[in-house]
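Novice: Have a look at this one before I ask anything.
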Amino acid sequence: MLIDSWMIAVLIAMTLCGAMGGAGLKAYATSPKKLHVLMGLGFYGTGALLNIVLLKFLPLTIVLPANALTYVWTLIIARFAFKEAVGPLRWIGVTCIMGGLCLLVF
């Protein structure tokens with residue numbers, strides 16, 4: 001199956017929205033502001049809508065496993081936005097996820 005570049009862009013956006021949704025809720029947990037929770041829920045909702053759009057064009061066996069990219073975004077956001085420590089094993093895990101996604105999508 002040929003995956004167009006716009007589909008890859010939407011896959012990336014979908015997973016980034018999922019990670020940003022989690023980041024919004026994390027921000028709310030550390031500093032309870034309504035904006036944070038609204039932002040988190042908004043990103044989660046946007047990611048879900050993008051998921052539905054992708055399922056119109058791609059099989060479930062690609063869209064659902066591609067959600068693993070959310071873990072990559074989450075690790076990057078946690079490291080740089082929340083200053084969480086990320087050890088070498090987690091970076092190796094991210095590399096494995098990226099390799100698996102490349103095998104799956106390309």
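All residue names refer to the structure tokens as shown: chains lettered A, B, ... in order, residues numbered from 1 in each chain, ligands numbered from 1 in order.
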Please report, as a Markdown table, each residue of range 13-37 of chain A lying at most 12 Å from range 64-81 of chain A, together with the nearest pair of atoms and the separation in Å rounded to one decimal; use only C-alpha atoms, and order rows by chain and ascending residue number.
Specialist:
| residue | atom | partner | partner_atom | distance |
| --- | --- | --- | --- | --- |
| A:Ala13 | CA | A:Thr70 | CA | 9.8 |
| A:Met14 | CA | A:Asn67 | CA | 8.0 |
| A:Thr15 | CA | A:Thr70 | CA | 4.7 |
| A:Leu16 | CA | A:Trp73 | CA | 6.2 |
| A:Cys17 | CA | A:Thr70 | CA | 8.3 |
| A:Gly18 | CA | A:Thr70 | CA | 6.2 |
| A:Ala19 | CA | A:Thr74 | CA | 5.1 |
| A:Met20 | CA | A:Thr74 | CA | 7.6 |
| A:Gly21 | CA | A:Thr74 | CA | 9.7 |
| A:Gly22 | CA | A:Thr74 | CA | 7.7 |
| A:Ala23 | CA | A:Ile77 | CA | 7.3 |
| A:Gly24 | CA | A:Ile77 | CA | 10.6 |
| A:Lys26 | CA | A:Ala78 | CA | 9.4 |
| A:Ala27 | CA | A:Ala81 | CA | 9.7 |
Novice: Pull N, CA and C atoms from the residues just selected and write them as a JSON list (two decimals), in the first residue's frame.
Specialist:
[["chain", "number", "residue", "atom", "x", "y", "z"],
["A", 13, "ALA", "N", 0.85, 14.57, 12.95],
["A", 13, "ALA", "CA", 0.02, 15.56, 13.67],
["A", 13, "ALA", "C", -0.87, 14.86, 14.70],
["A", 14, "MET", "N", -1.45, 13.72, 14.32],
["A", 14, "MET", "CA", -2.32, 12.97, 15.22],
["A", 14, "MET", "C", -1.57, 12.56, 16.49],
["A", 15, "THR", "N", -0.38, 12.02, 16.30],
["A", 15, "THR", "CA", 0.38, 11.56, 17.46],
["A", 15, "THR", "C", 0.91, 12.73, 18.29],
["A", 16, "LEU", "N", 1.27, 13.81, 17.63],
["A", 16, "LEU", "CA", 1.72, 15.00, 18.36],
["A", 16, "LEU", "C", 0.57, 15.57, 19.19],
["A", 17, "CYS", "N", -0.64, 15.56, 18.64],
["A", 17, "CYS", "CA", -1.80, 16.03, 19.41],
["A", 17, "CYS", "C", -2.01, 15.16, 20.65],
["A", 18, "GLY", "N", -1.84, 13.86, 20.51],
["A", 18, "GLY", "CA", -1.98, 12.98, 21.67],
["A", 18, "GLY", "C", -0.96, 13.30, 22.76],
["A", 19, "ALA", "N", 0.28, 13.54, 22.34],
["A", 19, "ALA", "CA", 1.32, 13.88, 23.31],
["A", 19, "ALA", "C", 1.08, 15.24, 23.94],
["A", 20, "MET", "N", 0.63, 16.20, 23.14],
["A", 20, "MET", "CA", 0.35, 17.53, 23.67],
["A", 20, "MET", "C", -0.86, 17.49, 24.63],
["A", 21, "GLY", "N", -1.80, 16.61, 24.35],
["A", 21, "GLY", "CA", -2.93, 16.43, 25.27],
["A", 21, "GLY", "C", -2.44, 15.97, 26.63],
["A", 22, "GLY", "N", -1.55, 15.00, 26.64],
["A", 22, "GLY", "CA", -0.98, 14.54, 27.90],
["A", 22, "GLY", "C", -0.17, 15.61, 28.59],
["A", 23, "ALA", "N", 0.55, 16.40, 27.81],
["A", 23, "ALA", "CA", 1.34, 17.49, 28.38],
["A", 23, "ALA", "C", 0.45, 18.55, 29.02],
["A", 24, "GLY", "N", -0.68, 18.83, 28.38],
["A", 24, "GLY", "CA", -1.62, 19.79, 28.96],
["A", 24, "GLY", "C", -2.16, 19.32, 30.30],
["A", 26, "LYS", "N", -0.65, 17.17, 32.28],
["A", 26, "LYS", "CA", 0.49, 17.20, 33.21],
["A", 26, "LYS", "C", 0.69, 18.62, 33.74],
["A", 27, "ALA", "N", 0.59, 19.60, 32.85],
["A", 27, "ALA", "CA", 0.73, 21.00, 33.27],
["A", 27, "ALA", "C", -0.38, 21.36, 34.26]]
Novice: Contacts of Leu38 in chain A at 10 Å or less, counting only C-alpha atoms, minus same-chain residues fewer than 5 places along, as a short mmCIF file (atom, residue, chain, number, x, y, z; two decimals) with N, CA and C atoms, in the first residue's frame?
Specialist:
data_model
loop_
_atom_site.label_atom_id
_atom_site.label_comp_id
_atom_site.auth_asym_id
_atom_site.auth_seq_id
_atom_site.Cartn_x
_atom_site.Cartn_y
_atom_site.Cartn_z
N GLY A 21 -1.80 16.61 24.35
CA GLY A 21 -2.93 16.43 25.27
C GLY A 21 -2.44 15.97 26.63
N GLY A 24 -0.68 18.83 28.38
CA GLY A 24 -1.62 19.79 28.96
C GLY A 24 -2.16 19.32 30.30
N LEU A 25 -2.47 18.04 30.38
CA LEU A 25 -2.98 17.51 31.64
C LEU A 25 -1.87 17.44 32.70
N TYR A 28 -1.57 20.85 34.01
CA TYR A 28 -2.69 21.11 34.94
C TYR A 28 -2.43 20.47 36.29
N LYS A 33 -4.56 25.27 36.26
CA LYS A 33 -5.17 26.39 35.55
C LYS A 33 -6.13 25.79 34.52
N PHE A 43 -6.39 19.09 22.60
CA PHE A 43 -5.42 18.33 21.81
C PHE A 43 -5.83 16.86 21.69
N TYR A 44 -6.30 16.27 22.79
CA TYR A 44 -6.76 14.88 22.72
C TYR A 44 -7.90 14.73 21.72
#
